[in-house]
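Peer 1: This one is run-v3.pdb, PDB, C-alpha atoms.
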ATOM      1  CA  MET A   1       0.000   0.000   0.000
ATOM      2  CA  GLY A   2       1.394   3.367  -0.989
ATOM      3  CA  ALA A   3       2.473   6.072   1.427
ATOM      4  CA  GLU A   4      -0.129   8.393  -0.069
ATOM      5  CA  SER A   5      -2.976   6.083   1.020
ATOM      6  CA  MET A   6      -1.538   5.742   4.507
ATOM      7  CA  ALA A   7      -1.033   9.502   4.868
ATOM      8  CA  ARG A   8      -4.407  10.571   3.488
ATOM      9  CA  ALA A   9      -6.871  11.869   6.045
ATOM     10  CA  ALA A  10      -9.889   9.744   6.892
ATOM     11  CA  PRO A  11     -12.664  10.270   4.334
ATOM     12  CA  SER A  12     -15.331  12.823   5.116
ATOM     13  CA  TRP A  13     -18.642  11.059   4.557
ATOM     14  CA  ARG A  14     -21.739  13.000   3.549
ATOM     15  CA  GLU A  15     -25.212  11.533   4.029
ATOM     16  CA  VAL A  16     -27.352  11.183   0.897
ATOM     17  CA  SER A  17     -31.003  10.344   0.273
ATOM     18  CA  VAL A  18     -32.304   9.277  -3.136
ATOM     19  CA  PRO A  19     -36.075   9.102  -3.794
ATOM     20  CA  VAL A  20     -37.035   6.015  -5.806
ATOM     21  CA  GLY A  21     -40.822   6.389  -6.005
ATOM     22  CA  TRP A  22     -42.232   4.377  -3.102
ATOM     23  CA  GLY A  23     -39.659   5.832  -0.658
ATOM     24  CA  SER A  24     -35.963   6.654  -0.467
ATOM     25  CA  LEU A  25     -32.674   4.807  -0.408
ATOM     26  CA  ARG A  26     -30.195   6.425   1.948
ATOM     27  CA  GLY A  27     -26.474   6.125   2.264
ATOM     28  CA  LYS A  28     -23.316   8.154   2.331
ATOM     29  CA  THR A  29     -20.704   9.365  -0.097
ATOM     30  CA  CYS A  30     -17.119  10.567   0.011
ATOM     31  CA  LEU A  31     -14.284  11.545  -2.306
ATOM     32  CA  LEU A  32     -10.885  10.012  -1.617
ATOM     33  CA  GLY A  33      -8.330  12.725  -2.272
ATOM     34  CA  GLU A  34      -7.721  14.250  -5.678
ATOM     35  CA  ALA A  35      -8.115  12.292  -8.885
ATOM     36  CA  LYS A  36      -4.987  12.061 -11.031
ATOM     37  CA  GLY A  37      -5.132  12.566 -14.755
ATOM     38  CA  GLY A  38      -8.869  13.076 -15.160
ATOM     39  CA  ALA A  39     -12.239  12.432 -13.564
ATOM     40  CA  SER A  40     -12.588  10.357 -10.420
ATOM     41  CA  LEU A  41     -13.624   6.718 -10.639
ATOM     42  CA  ARG A  42     -17.075   6.172  -9.181
ATOM     43  CA  VAL A  43     -17.666   3.207  -6.884
ATOM     44  CA  LEU A  44     -21.066   1.970  -5.687
ATOM     45  CA  ALA A  45     -20.644  -0.094  -2.501
ATOM     46  CA  LEU A  46     -23.347  -2.665  -1.660
ATOM     47  CA  HIS A  47     -23.446  -4.385   1.724
ATOM     48  CA  GLY A  48     -24.570  -7.878   2.664
ATOM     49  CA  TRP A  49     -27.751  -9.249   4.210
ATOM     50  CA  LEU A  50     -28.881  -7.306   7.333
ATOM     51  CA  ASP A  51     -25.689  -5.211   7.221
ATOM     52  CA  ASN A  52     -25.586  -1.567   6.157
ATOM     53  CA  ALA A  53     -23.490   1.072   4.383
ATOM     54  CA  ASN A  54     -21.029   1.244   7.300
ATOM     55  CA  SER A  55     -19.791  -2.198   6.243
ATOM     56  CA  PHE A  56     -17.155  -0.481   4.078
ATOM     57  CA  ASP A  57     -15.906   2.076   6.626
ATOM     58  CA  ALA A  58     -12.689   0.171   7.321
ATOM     59  CA  LEU A  59     -11.824  -0.658   3.698
ATOM     60  CA  VAL A  60     -12.604   2.623   1.931
ATOM     61  CA  PRO A  61      -9.841   4.689   3.643
ATOM     62  CA  LEU A  62      -7.267   2.190   2.318
ATOM     63  CA  LEU A  63      -8.379   2.493  -1.314
ATOM     64  CA  PRO A  64      -6.621   4.724  -3.851
ATOM     65  CA  ALA A  65      -7.080   8.460  -4.233
ATOM     66  CA  GLY A  66      -9.484   9.602  -6.892
ATOM     67  CA  LEU A  67     -12.403   7.371  -5.948
ATOM     68  CA  GLU A  68     -15.865   8.793  -5.443
ATOM     69  CA  VAL A  69     -17.575   6.230  -3.216
ATOM     70  CA  LEU A  70     -21.307   5.890  -2.691
ATOM     71  CA  ALA A  71     -22.271   3.338  -0.031
ATOM     72  CA  LEU A  72     -26.023   2.728  -0.001
ATOM     73  CA  ASP A  73     -28.262   1.028   2.517
ATOM     74  CA  LEU A  74     -30.338  -1.461   0.551
ATOM     75  CA  ALA A  75     -34.107  -1.136   0.872
ATOM     76  CA  GLY A  76     -35.258  -2.210   4.326
ATOM     77  CA  HIS A  77     -31.746  -1.904   5.747
ATOM     78  CA  GLY A  78     -29.920   0.802   7.665
ATOM     79  CA  LEU A  79     -31.509   4.224   7.155
ATOM     80  CA  SER A  80     -33.284   3.347   3.896
ATOM     81  CA  ASP A  81     -37.070   3.133   3.874
ATOM     82  CA  HIS A  82     -38.860  -0.173   4.290
ATOM     83  CA  LEU A  83     -40.709  -1.644   1.332
ATOM     84  CA  PRO A  84     -44.509  -1.260   1.338
ATOM     85  CA  ALA A  85     -46.830  -4.137   2.198
ATOM     86  CA  GLY A  86     -46.845  -6.874  -0.424
ATOM     87  CA  ALA A  87     -43.305  -6.200  -1.611
ATOM     88  CA  ARG A  88     -40.603  -8.754  -0.920
ATOM     89  CA  TYR A  89     -36.866  -8.416  -0.428
ATOM     90  CA  ASP A  90     -35.507 -10.526  -3.248
ATOM     91  CA  ALA A  91     -32.421  -9.623  -5.269
ATOM     92  CA  MET A  92     -34.327  -8.522  -8.362
ATOM     93  CA  THR A  93     -36.474  -6.111  -6.339
ATOM     94  CA  GLN A  94     -33.349  -4.589  -4.804
ATOM     95  CA  LEU A  95     -31.858  -4.332  -8.296
ATOM     96  CA  VAL A  96     -34.843  -2.371  -9.618
ATOM     97  CA  HIS A  97     -34.571   0.169  -6.797
ATOM     98  CA  LEU A  98     -30.790   0.503  -7.164
ATOM     99  CA  ARG A  99     -31.122   1.038 -10.903
ATOM    100  CA  GLU A 100     -33.659   3.811 -10.264
ATOM    101  CA  ALA A 101     -31.388   5.431  -7.672
ATOM    102  CA  MET A 102     -28.434   5.405 -10.060
ATOM    103  CA  ARG A 103     -30.586   6.859 -12.823
ATOM    104  CA  ARG A 104     -31.752   9.689 -10.588
ATOM    105  CA  LEU A 105     -28.204  10.412  -9.466
ATOM    106  CA  GLY A 106     -26.982  10.436 -13.060
ATOM    107  CA  TRP A 107     -24.419   7.709 -12.355
ATOM    108  CA  THR A 108     -23.110   5.634 -15.278
ATOM    109  CA  ASP A 109     -19.836   3.847 -15.919
ATOM    110  CA  PHE A 110     -19.226   2.980 -12.263
ATOM    111  CA  VAL A 111     -17.567   0.142 -10.366
ATOM    112  CA  ILE A 112     -19.676  -1.981  -8.019
ATOM    113  CA  LEU A 113     -17.913  -3.112  -4.849
ATOM    114  CA  ALA A 114     -20.222  -5.656  -3.245
ATOM    115  CA  HIS A 115     -20.201  -8.046  -0.307
ATOM    116  CA  SER A 116     -22.184 -11.262   0.136
ATOM    117  CA  TRP A 117     -25.893 -10.807  -0.673
ATOM    118  CA  GLY A 118     -25.059  -7.402  -2.146
ATOM    119  CA  ALA A 119     -22.795  -9.266  -4.578
ATOM    120  CA  LEU A 120     -25.735 -11.394  -5.717
ATOM    121  CA  VAL A 121     -27.559  -8.169  -6.589
ATOM    122  CA  ALA A 122     -24.424  -6.701  -8.167
ATOM    123  CA  ASN A 123     -23.896  -9.636 -10.542
ATOM    124  CA  TYR A 124     -27.439  -9.306 -11.841
ATOM    125  CA  PHE A 125     -26.904  -5.554 -12.217
ATOM    126  CA  ALA A 126     -23.698  -6.076 -14.225
ATOM    127  CA  ALA A 127     -25.327  -8.693 -16.472
ATOM    128  CA  LEU A 128     -28.502  -6.687 -17.120
ATOM    129  CA  TYR A 129     -26.954  -3.231 -17.467
ATOM    130  CA  PRO A 130     -23.427  -3.743 -18.831
ATOM    131  CA  GLN A 131     -23.371  -0.192 -20.196
ATOM    132  CA  ASP A 132     -23.469   1.178 -16.644
ATOM    133  CA  VAL A 133     -20.981  -1.097 -14.861
ATOM    134  CA  ARG A 134     -17.300  -0.539 -15.580
ATOM    135  CA  ALA A 135     -16.101  -3.287 -13.241
ATOM    136  CA  LEU A 136     -17.244  -5.580 -10.454
ATOM    137  CA  VAL A 137     -15.482  -6.395  -7.170
ATOM    138  CA  VAL A 138     -17.103  -9.361  -5.404
ATOM    139  CA  LEU A 139     -16.284  -9.922  -1.741
ATOM    140  CA  ASP A 140     -16.795 -13.506  -0.517
ATOM    141  CA  TYR A 141     -19.669 -14.634  -2.716
ATOM    142  CA  LEU A 142     -19.353 -17.375  -5.308
ATOM    143  CA  ARG A 143     -22.815 -18.869  -5.684
ATOM    144  CA  PRO A 144     -26.213 -18.866  -3.959
ATOM    145  CA  PHE A 145     -26.844 -21.296  -1.123
ATOM    146  CA  HIS A 146     -28.906 -24.380  -1.917
ATOM    147  CA  GLN A 147     -29.140 -26.290   1.320
ATOM    148  CA  GLU A 148     -32.909 -26.679   1.316
ATOM    149  CA  GLU A 149     -35.518 -27.725  -1.192
ATOM    150  CA  ARG A 150     -36.655 -24.671  -3.136
ATOM    151  CA  LEU A 151     -40.435 -24.928  -2.774
ATOM    152  CA  ALA A 152     -40.187 -25.505   0.974
ATOM    153  CA  THR A 153     -37.956 -22.458   1.315
ATOM    154  CA  TRP A 154     -40.297 -20.236  -0.717
ATOM    155  CA  ARG A 155     -43.260 -21.334   1.383
ATOM    156  CA  ALA A 156     -41.383 -20.594   4.614
ATOM    157  CA  GLU A 157     -40.333 -17.152   3.442
ATOM    158  CA  ASN A 158     -43.868 -16.367   2.259
ATOM    159  CA  ARG A 159     -45.209 -17.307   5.684
ATOM    160  CA  LEU A 160     -42.648 -15.094   7.395
ATOM    161  CA  MET A 161     -43.489 -12.135   5.169
ATOM    162  CA  ARG A 162     -47.234 -12.521   5.734
ATOM    163  CA  ARG A 163     -46.779 -12.780   9.510
ATOM    164  CA  GLU A 164     -44.768  -9.575   9.599
ATOM    165  CA  GLU A 165     -47.292  -7.708   7.461
ATOM    166  CA  ARG A 166     -50.151  -8.823   9.705
ATOM    167  CA  GLY A 167     -48.222  -7.684  12.753
ATOM    168  CA  GLU A 168     -47.855 -11.241  14.007
ATOM    169  CA  GLY A 169     -44.082 -11.394  13.853
ATOM    170  CA  ARG A 170     -41.635 -11.167  16.696
ATOM    171  CA  ALA A 171     -42.061  -8.172  18.960
ATOM    172  CA  ARG A 172     -39.403  -5.562  18.318
ATOM    173  CA  ARG A 173     -37.003  -6.002  21.242
ATOM    174  CA  VAL A 174     -35.095  -3.212  22.921
ATOM    175  CA  TYR A 175     -31.435  -3.829  23.758
ATOM    176  CA  SER A 176     -28.770  -2.112  25.768
ATOM    177  CA  GLU A 177     -25.723  -1.085  23.739
ATOM    178  CA  ALA A 178     -23.745  -4.023  25.098
ATOM    179  CA  GLU A 179     -26.554  -6.441  24.212
ATOM    180  CA  ALA A 180     -26.903  -5.001  20.706
ATOM    181  CA  LEU A 181     -23.178  -5.341  20.068
ATOM    182  CA  SER A 182     -23.252  -8.908  21.332
ATOM    183  CA  ARG A 183     -26.186  -9.720  19.038
ATOM    184  CA  LEU A 184     -24.361  -8.272  16.018
ATOM    185  CA  VAL A 185     -21.355 -10.463  16.788
ATOM    186  CA  GLU A 186     -23.328 -13.645  17.523
ATOM    187  CA  ALA A 187     -25.670 -13.334  14.530
ATOM    188  CA  ARG A 188     -22.725 -13.194  12.143
ATOM    189  CA  LYS A 189     -20.931 -16.313  13.316
ATOM    190  CA  GLY A 190     -20.416 -18.769  10.472
ATOM    191  CA  GLY A 191     -19.216 -22.246   9.674
ATOM    192  CA  ASP A 192     -21.178 -25.495   9.766
ATOM    193  CA  SER A 193     -21.671 -25.153  13.521
ATOM    194  CA  LYS A 194     -22.440 -21.413  13.314
ATOM    195  CA  GLN A 195     -19.720 -20.825  15.893
ATOM    196  CA  LEU A 196     -16.914 -19.525  13.666
ATOM    197  CA  PRO A 197     -16.125 -15.927  14.708
ATOM    198  CA  ASN A 198     -16.710 -13.417  11.935
ATOM    199  CA  VAL A 199     -17.003  -9.866  13.251
ATOM    200  CA  ASP A 200     -15.607  -8.721  16.578
ATOM    201  CA  GLU A 201     -16.928  -5.999  18.873
ATOM    202  CA  ALA A 202     -14.892  -3.312  17.087
ATOM    203  CA  ALA A 203     -16.507  -4.232  13.756
ATOM    204  CA  ALA A 204     -19.931  -4.415  15.387
ATOM    205  CA  ARG A 205     -19.458  -0.859  16.659
ATOM    206  CA  ILE A 206     -18.941   0.281  13.062
ATOM    207  CA  LEU A 207     -22.213  -1.326  11.941
ATOM    208  CA  LEU A 208     -24.262  -0.330  14.992
ATOM    209  CA  PRO A 209     -25.138   3.342  14.216
ATOM    210  CA  ARG A 210     -26.989   2.387  11.023
ATOM    211  CA  ALA A 211     -28.137  -0.995  12.339
ATOM    212  CA  ALA A 212     -30.063   0.305  15.371
ATOM    213  CA  ARG A 213     -31.897   3.418  16.492
ATOM    214  CA  ARG A 214     -32.314   4.972  19.918
ATOM    215  CA  VAL A 215     -35.686   4.337  21.529
ATOM    216  CA  ASP A 216     -37.005   4.565  25.082
ATOM    217  CA  GLY A 217     -34.973   2.115  27.115
ATOM    218  CA  GLY A 218     -32.168   1.444  24.660
ATOM    219  CA  LEU A 219     -31.712   0.409  21.030
ATOM    220  CA  ALA A 220     -34.004  -1.247  18.475
ATOM    221  CA  TRP A 221     -33.018  -2.664  15.090
ATOM    222  CA  ARG A 222     -33.706  -0.450  12.100
ATOM    223  CA  HIS A 223     -34.056  -3.185   9.483
ATOM    224  CA  ASP A 224     -37.431  -4.307   8.237
ATOM    225  CA  GLU A 225     -38.158  -7.730   9.718
ATOM    226  CA  LYS A 226     -39.464  -8.721   6.292
ATOM    227  CA  ALA A 227     -35.915  -8.266   4.994
ATOM    228  CA  ARG A 228     -35.171 -11.688   6.456
ATOM    229  CA  THR A 229     -37.122 -13.098   3.498
ATOM    230  CA  ARG A 230     -34.382 -12.924   0.892
ATOM    231  CA  TYR A 231     -35.945 -15.375  -1.575
ATOM    232  CA  THR A 232     -32.397 -16.419  -2.438
ATOM    233  CA  MET A 233     -33.636 -19.800  -3.608
ATOM    234  CA  LEU A 234     -35.288 -18.101  -6.588
ATOM    235  CA  TYR A 235     -31.780 -17.809  -7.976
ATOM    236  CA  GLY A 236     -30.745 -21.410  -8.506
ATOM    237  CA  SER A 237     -27.389 -22.610  -9.731
ATOM    238  CA  ASP A 238     -28.532 -22.921 -13.347
ATOM    239  CA  ASN A 239     -29.851 -19.357 -13.258
ATOM    240  CA  TRP A 240     -26.693 -18.170 -11.520
ATOM    241  CA  MET A 241     -24.389 -19.727 -14.102
ATOM    242  CA  TYR A 242     -26.372 -18.109 -16.903
ATOM    243  CA  VAL A 243     -26.112 -14.694 -15.265
ATOM    244  CA  ILE A 244     -22.377 -14.729 -14.545
ATOM    245  CA  SER A 245     -21.691 -15.953 -18.064
ATOM    246  CA  HIS A 246     -23.120 -12.588 -19.178
ATOM    247  CA  VAL A 247     -20.967 -10.443 -16.886
ATOM    248  CA  THR A 248     -18.520  -9.003 -19.406
ATOM    249  CA  CYS A 249     -16.885  -6.193 -17.414
ATOM    250  CA  PRO A 250     -13.626  -6.747 -15.489
ATOM    251  CA  VAL A 251     -14.288  -8.834 -12.374
ATOM    252  CA  MET A 252     -12.293  -9.295  -9.198
ATOM    253  CA  LEU A 253     -13.435 -12.015  -6.825
ATOM    254  CA  VAL A 254     -12.112 -12.119  -3.256
ATOM    255  CA  ARG A 255     -12.734 -15.326  -1.306
ATOM    256  CA  ALA A 256     -12.170 -15.444   2.443
ATOM    257  CA  ASP A 257     -10.552 -18.670   3.678
ATOM    258  CA  ASP A 258     -13.012 -18.882   6.594
ATOM    259  CA  GLY A 259     -15.919 -17.204   4.804
ATOM    260  CA  ILE A 260     -19.188 -18.575   3.485
ATOM    261  CA  CYS A 261     -17.663 -20.421   0.514
ATOM    262  CA  GLN A 262     -16.775 -23.597   2.375
ATOM    263  CA  GLN A 263     -17.838 -26.249  -0.119
ATOM    264  CA  PRO A 264     -15.156 -28.312  -1.897
ATOM    265  CA  ASP A 265     -13.119 -26.272  -4.352
ATOM    266  CA  ASP A 266     -14.212 -28.342  -7.345
ATOM    267  CA  LEU A 267     -17.812 -27.175  -6.842
ATOM    268  CA  TYR A 268     -16.681 -23.597  -7.450
ATOM    269  CA  ALA A 269     -14.536 -24.425 -10.486
ATOM    270  CA  PRO A 270     -17.417 -23.995 -13.008
ATOM    271  CA  VAL A 271     -18.231 -20.586 -11.516
ATOM    272  CA  LEU A 272     -14.643 -19.378 -11.826
ATOM    273  CA  ALA A 273     -14.425 -20.766 -15.353
ATOM    274  CA  ALA A 274     -17.596 -18.910 -16.365
ATOM    275  CA  TYR A 275     -16.193 -15.633 -15.084
ATOM    276  CA  ARG A 276     -12.907 -16.235 -16.901
ATOM    277  CA  ARG A 277     -14.711 -16.862 -20.191
ATOM    278  CA  SER A 278     -17.003 -13.844 -20.018
ATOM    279  CA  ALA A 279     -15.148 -11.094 -18.141
ATOM    280  CA  ARG A 280     -12.665  -8.928 -20.044
ATOM    281  CA  VAL A 281     -10.374  -9.246 -17.008
ATOM    282  CA  PHE A 282     -10.773 -11.747 -14.182
ATOM    283  CA  ARG A 283      -8.811 -11.746 -10.926
ATOM    284  CA  TYR A 284      -9.317 -14.292  -8.147
ATOM    285  CA  HIS A 285      -7.792 -13.777  -4.711
ATOM    286  CA  ARG A 286      -8.008 -15.765  -1.494
ATOM    287  CA  VAL A 287      -7.342 -13.968   1.769
ATOM    288  CA  ALA A 288      -7.058 -15.119   5.351
ATOM    289  CA  GLY A 289     -10.094 -14.168   7.363
ATOM    290  CA  ALA A 290     -13.815 -14.662   7.844
ATOM    291  CA  HIS A 291     -16.814 -13.519   5.821
ATOM    292  CA  HIS A 292     -16.489  -9.872   6.915
ATOM    293  CA  VAL A 293     -12.719  -9.695   6.402
ATOM    294  CA  HIS A 294     -13.169  -6.399   4.525
ATOM    295  CA  LEU A 295     -14.471  -4.933   7.793
ATOM    296  CA  THR A 296     -12.267  -6.694  10.338
ATOM    297  CA  HIS A 297      -8.966  -6.899   8.404
ATOM    298  CA  PRO A 298      -9.254  -4.585   5.386
ATOM    299  CA  GLU A 299      -5.481  -4.360   4.989
ATOM    300  CA  ARG A 300      -5.473  -7.965   3.750
ATOM    301  CA  LEU A 301      -7.421  -7.172   0.583
ATOM    302  CA  ALA A 302      -6.903  -3.424   0.065
ATOM    303  CA  PRO A 303      -3.652  -3.832  -1.964
ATOM    304  CA  SER A 304      -5.207  -6.274  -4.444
ATOM    305  CA  VAL A 305      -8.409  -4.240  -4.778
ATOM    306  CA  THR A 306      -6.297  -1.102  -5.299
ATOM    307  CA  HIS A 307      -4.256  -2.801  -8.030
ATOM    308  CA  PHE A 308      -7.406  -4.008  -9.742
ATOM    309  CA  LEU A 309      -8.974  -0.529  -9.732
ATOM    310  CA  THR A 310      -5.886   1.415 -10.725
ATOM    311  CA  GLN A 311      -4.320  -1.051 -13.171
ATOM    312  CA  ASP A 312      -6.714  -3.706 -14.494
ATOM    313  CA  VAL A 313      -9.831  -1.561 -14.766
ATOM    314  CA  ALA A 314      -7.933   1.332 -16.339
ATOM    315  CA  ALA A 315      -6.199  -0.990 -18.820
ATOM    316  CA  ALA A 316      -9.496  -2.615 -19.816
ATOM    317  CA  LYS A 317     -11.020   0.825 -20.375
ATOM    318  CA  ASP A 318      -8.098   1.918 -22.555
ATOM    319  CA  LYS A 319      -8.191  -1.325 -24.523
ATOM    320  CA  ALA A 320     -11.914  -0.939 -25.177
ATOM    321  CA  ALA A 321     -11.461   2.683 -26.260
ATOM    322  CA  SER A 322      -8.674   1.749 -28.677
ATOM    323  CA  LYS A 323     -11.057  -0.550 -30.597
ATOM    324  CA  LEU A 324     -13.564   2.211 -31.334
TER
END
Can you turn what I pasted into structure tokens?

Peer 2:
Amino acid sequence: MGAESMARAAPSWREVSVPVGWGSLRGKTCLLGEAKGGASLRVLALHGWLDNANSFDALVPLLPAGLEVLALDLAGHGLSDHLPAGARYDAMTQLVHLREAMRRLGWTDFVILAHSWGALVANYFAALYPQDVRALVVLDYLRPFHQEERLATWRAENRLMRREERGEGRARRVYSEAEALSRLVEARKGGDSKQLPNVDEAAARILLPRAARRVDGGLAWRHDEKARTRYTMLYGSDNWMYVISHVTCPVMLVRADDGICQQPDDLYAPVLAAYRRSARVFRYHRVAGAHHVHLTHPERLAPSVTHFLTQDVAAAKDKAASKL
């Protein structure tokens, strides 16, 4: 990592709110130093399931100067509005709202930096709107989970959504700060036994301000309880392979050694091969750490992400321009 990145002051985030029709998506934006040799590179940062825009607070300061970063809370998460009754939190719904937000902001030709469930959304975005996405950085997401039978999962998620809309879901609990931090840590444990540490208390403190709000007696979660219904099983492996085979922009995939991609390596080989065939540039990196390594140990992936943004993405852009 260069001395310039280490010496640069911490980014000054500015809150943003983007109306998308039914409500608003909220987030924050910053500019990392001065761009060299032209306009800044725009980066849309998308967090994972039940996380929020603060998920990138540790990584962004280590990225190169000249980036304009927009970290958004997905619908139903963080400070963004909750979806109206009858609407579900599947990836395609999130994609529609993100596309509208980008259109209203006038953003085109941007990089998507996405973690986990946000990366599911980002891959669909890159495949459907290739003219808008200059490059894709995927943090610890290789393929959707398929541990349960699809129809049973859809039925369960439909029941959960209906219960919440009828007001029959779990009562919204109030926590002390210590309890809320503990819940953030415990809920993000991974591995087959769900006991593998992922985020620590320091990382939980970064997520907490957008994850919970002050109420009488303590803190309550901000996220829409319906957001637990991800409908991930709608996006099966055959669908997933078709989508990533249509992601043509440069792609960097970061896999955490102790992250969520714990199936045998040969099961991921077709996914990596599909990216290599379709993407103009494909980089694959493994780093030590858990699923939220970008939050807990950002220094482990910042150099490779920086190289990808400053070298690979720029080279791909120049190569494309030279063919016109």

Peer 1: In Å, how far is it from atom CA of Pro84 of chain A to atom CA of Glu164 of chain A?

Peer 2: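 Calculated distance between atom CA of Pro84 of chain A and atom CA of Glu164 of chain A is 11.7 Å.
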
Peer 1: Please determine, counting all atoms listed in the file, which residue among A:Gly33, A:Gly48, A:Pro197, A:Gly78 has the shortest atom-to-atom distance to Arg210 of chain A.

Peer 2: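 Selected residue with least distance to Arg210 of chain A: A:Gly78.
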
Peer 1: Quick one: of A:Leu25, A:Leu267, A:Leu72, A:Ala212, who's nearest to Asn54 of chain A, counting all atoms listed in the file?

Peer 2: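 For Asn54 of chain A, the nearest of the given residues is A:Leu72.
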
Peer 1: Restricting the calculation to all atoms listed in the file: of A:His297, A:Glu186, A:His223, A:Val111, which residue gets closest to Val251 of chain A?

Peer 2: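 Using all atoms listed in the file, the shortest distance to Val251 of chain A belongs to A:Val111.
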
Peer 1: Quote the spacing between atom CA of Arg155 of chain A and atom CA of Trp240 of chain A in Å to one decimal place.

Peer 2: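 So the answer is 21.2 Å.
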
Peer 1: Excluding Tyr275 of chain A and any residue of its chain fewer than 2 positions from it, enumerate the residues within 8 Å of it, using all atoms listed in the file, and give them as a PyMOL selection string.

Peer 2: chain A and resi 244-245+247+251+271-273+277-279+282

Peer 1: So what do you get for atom CA of His97 of chain A versus atom CA of Val243 of chain A, distance-wise?

Peer 2: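 Separating atom CA of His97 of chain A from atom CA of Val243 of chain A is a distance of 19.1 Å.
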
Peer 1: Can you report as lines of an AutoDock Vina configuration file the centre and edge lengths in Å, to one decimal, of an axis-aligned box around the listed atoms of segment 123-137 of chain A padded with 5 Å on each side?

Peer 2:
center_x = -22.0
center_y = -4.2
center_z = -13.7
size_x = 23.0
size_y = 20.8
size_z = 23.0

Peer 1: Which neighbours of Trp49 of chain A fall inside 12 Å, counting only C-alpha atoms, when residues of the same chain fewer than 3 positions from it are skipped, and could you give them as a VMD selection string?

Peer 2: chain A and resid 46 52 to 53 55 73 to 78 89 to 91 94 114 to 121 141 187 to 188 211 223 to 232 291 to 292

Peer 1: Find the spatial neighbours of Met241 of chain A, counting all atoms listed in the file, within a cut-off of 9 Å - ignore same-chain residues fewer than 4 positions away - and output them as JSON, numbers by chain.

Peer 2: {"A": [143, 236, 237, 245, 246, 270, 271, 274]}

Peer 1: Written as a PDB file with C-alpha atoms, in the coordinates of the input, which residues does the PyMOL selection byres ((chain A and resi 176-178) around 12) give for the file shown?

Peer 2:
ATOM      1  CA  ARG A 173     -37.003  -6.002  21.242  1.00  0.00           C
ATOM      2  CA  VAL A 174     -35.095  -3.212  22.921  1.00  0.00           C
ATOM      3  CA  TYR A 175     -31.435  -3.829  23.758  1.00  0.00           C
ATOM      4  CA  GLU A 179     -26.554  -6.441  24.212  1.00  0.00           C
ATOM      5  CA  ALA A 180     -26.903  -5.001  20.706  1.00  0.00           C
ATOM      6  CA  LEU A 181     -23.178  -5.341  20.068  1.00  0.00           C
ATOM      7  CA  SER A 182     -23.252  -8.908  21.332  1.00  0.00           C
ATOM      8  CA  ARG A 183     -26.186  -9.720  19.038  1.00  0.00           C
ATOM      9  CA  LEU A 184     -24.361  -8.272  16.018  1.00  0.00           C
ATOM     10  CA  VAL A 185     -21.355 -10.463  16.788  1.00  0.00           C
ATOM     11  CA  GLU A 201     -16.928  -5.999  18.873  1.00  0.00           C
ATOM     12  CA  ALA A 202     -14.892  -3.312  17.087  1.00  0.00           C
ATOM     13  CA  ALA A 204     -19.931  -4.415  15.387  1.00  0.00           C
ATOM     14  CA  ARG A 205     -19.458  -0.859  16.659  1.00  0.00           C
ATOM     15  CA  LEU A 208     -24.262  -0.330  14.992  1.00  0.00           C
ATOM     16  CA  PRO A 209     -25.138   3.342  14.216  1.00  0.00           C
ATOM     17  CA  ALA A 211     -28.137  -0.995  12.339  1.00  0.00           C
ATOM     18  CA  ALA A 212     -30.063   0.305  15.371  1.00  0.00           C
ATOM     19  CA  ARG A 213     -31.897   3.418  16.492  1.00  0.00           C
ATOM     20  CA  ARG A 214     -32.314   4.972  19.918  1.00  0.00           C
ATOM     21  CA  VAL A 215     -35.686   4.337  21.529  1.00  0.00           C
ATOM     22  CA  ASP A 216     -37.005   4.565  25.082  1.00  0.00           C
ATOM     23  CA  GLY A 217     -34.973   2.115  27.115  1.00  0.00           C
ATOM     24  CA  GLY A 218     -32.168   1.444  24.660  1.00  0.00           C
ATOM     25  CA  LEU A 219     -31.712   0.409  21.030  1.00  0.00           C
ATOM     26  CA  ALA A 220     -34.004  -1.247  18.475  1.00  0.00           C
ATOM     27  CA  TRP A 221     -33.018  -2.664  15.090  1.00  0.00           C
TER      28      TRP A 221
END

Peer 1: With distances taken over all atoms listed in the file, which of A:Asp132, A:Thr108, A:Leu295, A:Thr306 is nearest to Ala65 of chain A?

Peer 2: A:Thr306

Peer 1: For the structure shown, which residues end up in the PyMOL selection byres ((chain A and resi 253) around 8)? Put them as a ChimeraX atom specification, please?

Peer 2: /A:137-141,251-252,254-255,282-285

Peer 1: Limited to C-alpha atoms, could you put the picked residues into a file as a PDB file, in the frame of the given file?

Peer 2:
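See part25.pdb below for the written result:
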ATOM      1  CA  VAL A 137     -15.482  -6.395  -7.170  1.00  0.00           C
ATOM      2  CA  VAL A 138     -17.103  -9.361  -5.404  1.00  0.00           C
ATOM      3  CA  LEU A 139     -16.284  -9.922  -1.741  1.00  0.00           C
ATOM      4  CA  ASP A 140     -16.795 -13.506  -0.517  1.00  0.00           C
ATOM      5  CA  TYR A 141     -19.669 -14.634  -2.716  1.00  0.00           C
ATOM      6  CA  VAL A 251     -14.288  -8.834 -12.374  1.00  0.00           C
ATOM      7  CA  MET A 252     -12.293  -9.295  -9.198  1.00  0.00           C
ATOM      8  CA  VAL A 254     -12.112 -12.119  -3.256  1.00  0.00           C
ATOM      9  CA  ARG A 255     -12.734 -15.326  -1.306  1.00  0.00           C
ATOM     10  CA  PHE A 282     -10.773 -11.747 -14.182  1.00  0.00           C
ATOM     11  CA  ARG A 283      -8.811 -11.746 -10.926  1.00  0.00           C
ATOM     12  CA  TYR A 284      -9.317 -14.292  -8.147  1.00  0.00           C
ATOM     13  CA  HIS A 285      -7.792 -13.777  -4.711  1.00  0.00           C
TER      14      HIS A 285
END

Peer 1: Name the residues captured by the PyMOL selection byres ((chain A and resi 12) around 9) when it is applied to the shown file; answer as a PyMOL selection string.

Peer 2: chain A and resi 9-11+13-14+29-32
